[in-house]
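Have a look at the structure below before the remarks.
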Amino acid sequence: MKRKIGYIINPISGTKSKDAVSSIIARETLREGIPFAFFPSVANGDYSYLYDTLIDEKYTDVVVIGGDGTVNQVVDSLKHLPVQFGIIPSGSGNGLAFGAGIPKTPQKALDIIFKNKSIPVDGFRINGKFACMLCGLGFDAKVAHDFANQPQRGLMTYVNQVFKNFFGAKPYSFKIKLGEKRFETEAYFISIANSNQFGNHFTIAPKASLSDGLLDVVIVTEQSKMAMLYNTLIQVGGRNKVQTVEEVRKKRGIIYFQTETIRISNWSEAPMHIDGEPVNTEKKLNIEIEKSCFRLLVQ
C-alpha cells in the first residue's frame, strides 16, 4: 500500500520553534515522494475530528511532532484506526520516543519514519485513562504539576522544579494489591511504567519493554533523603534486579517488580501524572496493561 502521512504538530511543546521543524519535514517528505498533510494539535486532546479524513483519504501513518502528552492524546484517539504512529520528539521529556530509540534530531527521526518499520506497542489504563509510557504518584507527579504552571518549558525548568521539591518531599500512604498479595507502604513515589524512563534518558525502570505485555512498577519507600537519592541512582543505573511478586518486601528502599495489573489505594491522595501531564488524583486506582494496542515506527 502506498504511504500517506499525516503530521500533527503541537506548537507549544518543548522550547524550539516548530516553523523550522515543519520546513524540514515538508522538504524531506517531498523528497521521499510520500503524500502528506499537516494537522494542528487540539487543546482538548480529542482527535476524532480526523477520523473521516484519515479513512476517506487513505492515510497510512500519523506522526506526532510534540511531547509525551500529545503522543498520548493522539494515540488514544486514533489507535483503533489502521494506521502506524511515528514520533518526532519535541517535548520536554520525550520518554516514549527515547525509550523506543527515536532520536530528537528531526532529520534522524524522519529517517526512521521513512524506513517504515513498525512494532506493536503496549499501553495501559489507569481507571480507564490511557497511558502510553508512564504514570506517577507522589514526588514526580508533584514536580509535573509545578512544571505545568511555569511560564517556560524545557529541561532546565524541569530540573529546577526537581530540586525545589526534593528537600520538602514527604512520603505518602499506599496500599498495594497484586492478585492475592496485599501490603501497605509509605513511599515518596510510585512509577508505573511501560517505557523504561521518565524522559531525557533518565531510566527509572531499566528492564521495561514497550512490547512485553507487562508493567514495570517502581516504589521508592520512606527513608532518609540521602538514602532515597542513593537508592534511586542505583535503580536508574540498572543495578536492582526485578523482583517476583513473591519476593516483594515493603521494607526495601526500592521495590521493583513486573505485573499485568495492580490496584493501589492512594489514601493520602498523592498527586498523579499520566505521561508527564498532571491529572486529578484518585483514592483508588485500578491499573492494567493494554497489550499491543498500537503500532509504533522504530529503528
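Chain labels run A, B, ... following the order of the C-alpha cells; each chain numbers its residues from 1, and ligands are numbered from 1 in the order shown.
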
I need the residues in range 32-179 of chain A that are helix (DSSP H, G or I) according to DSSP; give them as a PDB file with C-alpha atoms, in the first residue's frame.
ATOM      1  CA  GLU A  32      10.738  10.815  -0.462  1.00  0.00           C
ATOM      2  CA  SER A  48     -11.808  12.249  16.480  1.00  0.00           C
ATOM      3  CA  TYR A  49     -12.144  15.202  14.100  1.00  0.00           C
ATOM      4  CA  LEU A  50      -9.555  13.389  11.940  1.00  0.00           C
ATOM      5  CA  TYR A  51     -11.426  10.061  11.659  1.00  0.00           C
ATOM      6  CA  ASP A  52     -13.175  10.710   8.349  1.00  0.00           C
ATOM      7  CA  THR A  53     -10.165  12.426   6.776  1.00  0.00           C
ATOM      8  CA  LEU A  54      -7.741   9.647   7.691  1.00  0.00           C
ATOM      9  CA  ILE A  55     -10.064   6.900   6.466  1.00  0.00           C
ATOM     10  CA  ASP A  56     -11.508   8.564   3.368  1.00  0.00           C
ATOM     11  CA  ASP A  68       4.565  12.574  25.550  1.00  0.00           C
ATOM     12  CA  GLY A  69       1.310  14.335  26.403  1.00  0.00           C
ATOM     13  CA  THR A  70       0.456  14.959  22.744  1.00  0.00           C
ATOM     14  CA  VAL A  71       1.533  11.427  21.773  1.00  0.00           C
ATOM     15  CA  ASN A  72      -0.783  10.074  24.474  1.00  0.00           C
ATOM     16  CA  GLN A  73      -3.795  12.036  23.200  1.00  0.00           C
ATOM     17  CA  VAL A  74      -3.240  11.245  19.531  1.00  0.00           C
ATOM     18  CA  VAL A  75      -2.658   7.526  20.070  1.00  0.00           C
ATOM     19  CA  ASP A  76      -5.594   7.175  22.460  1.00  0.00           C
ATOM     20  CA  SER A  77      -7.900   8.904  19.970  1.00  0.00           C
ATOM     21  CA  LEU A  78      -6.763   7.106  16.815  1.00  0.00           C
ATOM     22  CA  GLY A  95      10.080   9.400  27.358  1.00  0.00           C
ATOM     23  CA  LEU A  96       8.271   7.155  24.860  1.00  0.00           C
ATOM     24  CA  ALA A  97      10.384   8.272  21.905  1.00  0.00           C
ATOM     25  CA  PHE A  98      13.681   7.851  23.745  1.00  0.00           C
ATOM     26  CA  GLY A  99      12.527   4.528  25.191  1.00  0.00           C
ATOM     27  CA  PRO A 106      14.210  15.855  13.338  1.00  0.00           C
ATOM     28  CA  GLN A 107      16.190  14.562  10.347  1.00  0.00           C
ATOM     29  CA  LYS A 108      17.175  11.342  12.149  1.00  0.00           C
ATOM     30  CA  ALA A 109      13.633  10.834  13.442  1.00  0.00           C
ATOM     31  CA  LEU A 110      12.340  11.272   9.886  1.00  0.00           C
ATOM     32  CA  ASP A 111      14.819   8.657   8.650  1.00  0.00           C
ATOM     33  CA  ILE A 112      13.143   6.168  10.989  1.00  0.00           C
ATOM     34  CA  ILE A 113       9.689   7.166   9.755  1.00  0.00           C
ATOM     35  CA  PHE A 114      10.680   6.775   6.104  1.00  0.00           C
ATOM     36  CA  LYS A 115      12.216   3.350   6.814  1.00  0.00           C
ATOM     37  CA  PHE A 139       7.100  13.230  44.210  1.00  0.00           C
ATOM     38  CA  ASP A 140       7.498  13.113  40.415  1.00  0.00           C
ATOM     39  CA  ALA A 141       3.817  13.976  39.956  1.00  0.00           C
ATOM     40  CA  LYS A 142       4.212  16.998  42.251  1.00  0.00           C
ATOM     41  CA  VAL A 143       7.103  18.093  40.024  1.00  0.00           C
ATOM     42  CA  ALA A 144       4.914  17.580  36.929  1.00  0.00           C
ATOM     43  CA  HIS A 145       2.133  19.709  38.444  1.00  0.00           C
ATOM     44  CA  ASP A 146       4.550  22.521  39.334  1.00  0.00           C
ATOM     45  CA  PHE A 147       6.314  22.279  35.966  1.00  0.00           C
ATOM     46  CA  ALA A 148       2.997  22.699  34.140  1.00  0.00           C
ATOM     47  CA  LEU A 155      14.851  20.566  30.671  1.00  0.00           C
ATOM     48  CA  MET A 156      16.362  23.239  32.933  1.00  0.00           C
ATOM     49  CA  THR A 157      12.944  24.360  34.118  1.00  0.00           C
ATOM     50  CA  TYR A 158      12.142  20.735  34.965  1.00  0.00           C
ATOM     51  CA  VAL A 159      15.439  20.232  36.795  1.00  0.00           C
ATOM     52  CA  ASN A 160      14.804  23.395  38.830  1.00  0.00           C
ATOM     53  CA  GLN A 161      11.425  22.028  39.895  1.00  0.00           C
ATOM     54  CA  VAL A 162      13.006  18.710  40.903  1.00  0.00           C
ATOM     55  CA  PHE A 163      15.497  20.440  43.209  1.00  0.00           C
ATOM     56  CA  LYS A 164      12.853  22.811  44.536  1.00  0.00           C
ATOM     57  CA  ASN A 165      10.624  19.893  45.553  1.00  0.00           C
ATOM     58  CA  PHE A 166      13.313  17.469  46.745  1.00  0.00           C
TER      59      PHE A 166
END

Next on the checklist: To test your reading of the structure, identify every residue in range 17-236 of chain A that backbone DSSP assigns to strand (DSSP E), and report it as a VMD selection string.
Outcome noted: chain A and resid 36 to 40 61 to 66 84 to 89 118 to 126 129 to 131 134 to 138 172 to 178 181 to 193 215 to 221

Checklist entry - In terms of the shortest atom-to-atom distance over only C-alpha atoms, which of A:Glu57, A:Asp19, A:Glu260, A:Glu247 is closest to Val217 in chain A? => result A:Glu260

Checklist entry - Using only C-alpha atoms, which of A:Pro103, A:Asp275, A:Ser23, A:Tyr47 sits nearest Ala131 in chain A? => result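 Result for the nearest residue to Ala131 in chain A: A:Asp275.
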
Checklist entry - Near Gly179 in chain A, counting only C-alpha atoms, which residues have an atom at most 9 Å away, once you skip same-chain residues fewer than 4 positions from it, shown as number ranges by chain? => result A: 261-263

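Excluding Ser118 in chain A itself and same-chain residues fewer than 6 positions from it, the residues having an atom within 10 Å of it are Gln84, Phe85, Gly86, Ile112, Phe294, Arg295, Leu296, Leu297, Val298 and Gln299 of chain A, counting only C-alpha atoms.
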
Please produce a file of those selected residues containing N, CA, C and O atoms, as a PDB file, in the first residue's frame.
ATOM      1  N   GLN A  84      -0.144   3.471  11.325  1.00  0.00           N
ATOM      2  CA  GLN A  84       1.054   3.408  12.143  1.00  0.00           C
ATOM      3  C   GLN A  84       1.290   4.781  12.761  1.00  0.00           C
ATOM      4  O   GLN A  84       0.942   5.800  12.166  1.00  0.00           O
ATOM      5  N   PHE A  85       1.937   4.793  13.936  1.00  0.00           N
ATOM      6  CA  PHE A  85       2.251   6.053  14.597  1.00  0.00           C
ATOM      7  C   PHE A  85       3.761   6.279  14.597  1.00  0.00           C
ATOM      8  O   PHE A  85       4.545   5.340  14.777  1.00  0.00           O
ATOM      9  N   GLY A  86       4.131   7.522  14.377  1.00  0.00           N
ATOM     10  CA  GLY A  86       5.528   7.908  14.454  1.00  0.00           C
ATOM     11  C   GLY A  86       5.681   9.104  15.379  1.00  0.00           C
ATOM     12  O   GLY A  86       4.704   9.783  15.692  1.00  0.00           O
ATOM     13  N   ILE A 112      13.829   7.333  10.424  1.00  0.00           N
ATOM     14  CA  ILE A 112      13.143   6.168  10.989  1.00  0.00           C
ATOM     15  C   ILE A 112      11.735   6.060  10.407  1.00  0.00           C
ATOM     16  O   ILE A 112      11.268   4.966  10.047  1.00  0.00           O
ATOM     17  N   PHE A 294      -1.164  -0.425  19.757  1.00  0.00           N
ATOM     18  CA  PHE A 294      -0.885   0.432  18.597  1.00  0.00           C
ATOM     19  C   PHE A 294       0.467   0.049  18.009  1.00  0.00           C
ATOM     20  O   PHE A 294       1.258  -0.665  18.635  1.00  0.00           O
ATOM     21  N   ARG A 295       0.710   0.490  16.790  1.00  0.00           N
ATOM     22  CA  ARG A 295       1.984   0.203  16.100  1.00  0.00           C
ATOM     23  C   ARG A 295       2.810   1.486  16.058  1.00  0.00           C
ATOM     24  O   ARG A 295       2.312   2.548  15.662  1.00  0.00           O
ATOM     25  N   LEU A 296       4.088   1.356  16.446  1.00  0.00           N
ATOM     26  CA  LEU A 296       4.991   2.497  16.510  1.00  0.00           C
ATOM     27  C   LEU A 296       6.148   2.295  15.539  1.00  0.00           C
ATOM     28  O   LEU A 296       6.775   1.230  15.511  1.00  0.00           O
ATOM     29  N   LEU A 297       6.442   3.322  14.765  1.00  0.00           N
ATOM     30  CA  LEU A 297       7.583   3.288  13.850  1.00  0.00           C
ATOM     31  C   LEU A 297       8.873   3.426  14.645  1.00  0.00           C
ATOM     32  O   LEU A 297       9.064   4.381  15.398  1.00  0.00           O
ATOM     33  N   VAL A 298       9.775   2.448  14.471  1.00  0.00           N
ATOM     34  CA  VAL A 298      11.016   2.410  15.244  1.00  0.00           C
ATOM     35  C   VAL A 298      12.189   2.119  14.308  1.00  0.00           C
ATOM     36  O   VAL A 298      12.021   1.882  13.117  1.00  0.00           O
ATOM     37  N   GLN A 299      13.398   2.100  14.880  1.00  0.00           N
ATOM     38  CA  GLN A 299      14.618   1.853  14.089  1.00  0.00           C
ATOM     39  C   GLN A 299      14.578   0.472  13.462  1.00  0.00           C
ATOM     40  O   GLN A 299      14.154  -0.474  14.071  1.00  0.00           O
TER      41      GLN A 299
END

Next on the checklist: Using only C-alpha atoms, can you tell me which of A:Ala187, A:Leu134, A:Leu178, A:Ala37 comes closest to Thr203 in chain A?
Outcome noted: A:Leu134

Item to check | From A:Phe198, A:Tyr59, A:Tyr230, A:Phe174, residue lying nearest Gly138 in chain A [only C-alpha atoms] | outcome: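 Of all the options, A:Phe174 lies closest to Gly138 in chain A.
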
Next on the checklist: Give me the residues near Ala270 in chain A as a ChimeraX atom specification, where near means some atom within 12 Å (using only C-alpha atoms) and where sequence neighbours in that chain fewer than 5 positions away do not count.
Outcome noted: /A:136-143,145,169-174,186-190,264-265,278-285

Just write the chosen residues, C-alpha atoms, as a PDB file, in the first residue's frame.
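Okay, this is what ended up in selection17.pdb:
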ATOM      1  CA  GLY A 136       3.446   8.511  38.529  1.00  0.00           C
ATOM      2  CA  LEU A 137       2.151   9.089  42.039  1.00  0.00           C
ATOM      3  CA  GLY A 138       3.862  11.299  44.610  1.00  0.00           C
ATOM      4  CA  PHE A 139       7.100  13.230  44.210  1.00  0.00           C
ATOM      5  CA  ASP A 140       7.498  13.113  40.415  1.00  0.00           C
ATOM      6  CA  ALA A 141       3.817  13.976  39.956  1.00  0.00           C
ATOM      7  CA  LYS A 142       4.212  16.998  42.251  1.00  0.00           C
ATOM      8  CA  VAL A 143       7.103  18.093  40.024  1.00  0.00           C
ATOM      9  CA  HIS A 145       2.133  19.709  38.444  1.00  0.00           C
ATOM     10  CA  ALA A 169       9.305  15.935  49.673  1.00  0.00           C
ATOM     11  CA  LYS A 170       7.226  13.789  52.004  1.00  0.00           C
ATOM     12  CA  PRO A 171       6.145  10.141  51.845  1.00  0.00           C
ATOM     13  CA  TYR A 172       2.556   9.189  51.044  1.00  0.00           C
ATOM     14  CA  SER A 173       0.479   6.255  52.290  1.00  0.00           C
ATOM     15  CA  PHE A 174      -0.411   3.490  49.833  1.00  0.00           C
ATOM     16  CA  GLU A 186       4.855   4.730  52.900  1.00  0.00           C
ATOM     17  CA  ALA A 187       6.551   5.901  49.711  1.00  0.00           C
ATOM     18  CA  TYR A 188       7.930   9.075  48.165  1.00  0.00           C
ATOM     19  CA  PHE A 189       6.698   7.996  44.773  1.00  0.00           C
ATOM     20  CA  ILE A 190       5.368   5.118  42.703  1.00  0.00           C
ATOM     21  CA  ILE A 264      -3.407   0.998  44.501  1.00  0.00           C
ATOM     22  CA  SER A 265      -5.283   2.624  47.375  1.00  0.00           C
ATOM     23  CA  PRO A 278      -0.723  16.457  35.620  1.00  0.00           C
ATOM     24  CA  VAL A 279      -4.154  14.922  36.226  1.00  0.00           C
ATOM     25  CA  ASN A 280      -6.576  14.907  39.144  1.00  0.00           C
ATOM     26  CA  THR A 281      -5.607  12.209  41.611  1.00  0.00           C
ATOM     27  CA  GLU A 282      -7.932   9.471  42.846  1.00  0.00           C
ATOM     28  CA  LYS A 283      -8.074   7.436  46.057  1.00  0.00           C
ATOM     29  CA  LYS A 284      -8.456   4.063  44.342  1.00  0.00           C
ATOM     30  CA  LEU A 285      -6.569   3.166  41.185  1.00  0.00           C
TER      31      LEU A 285
END
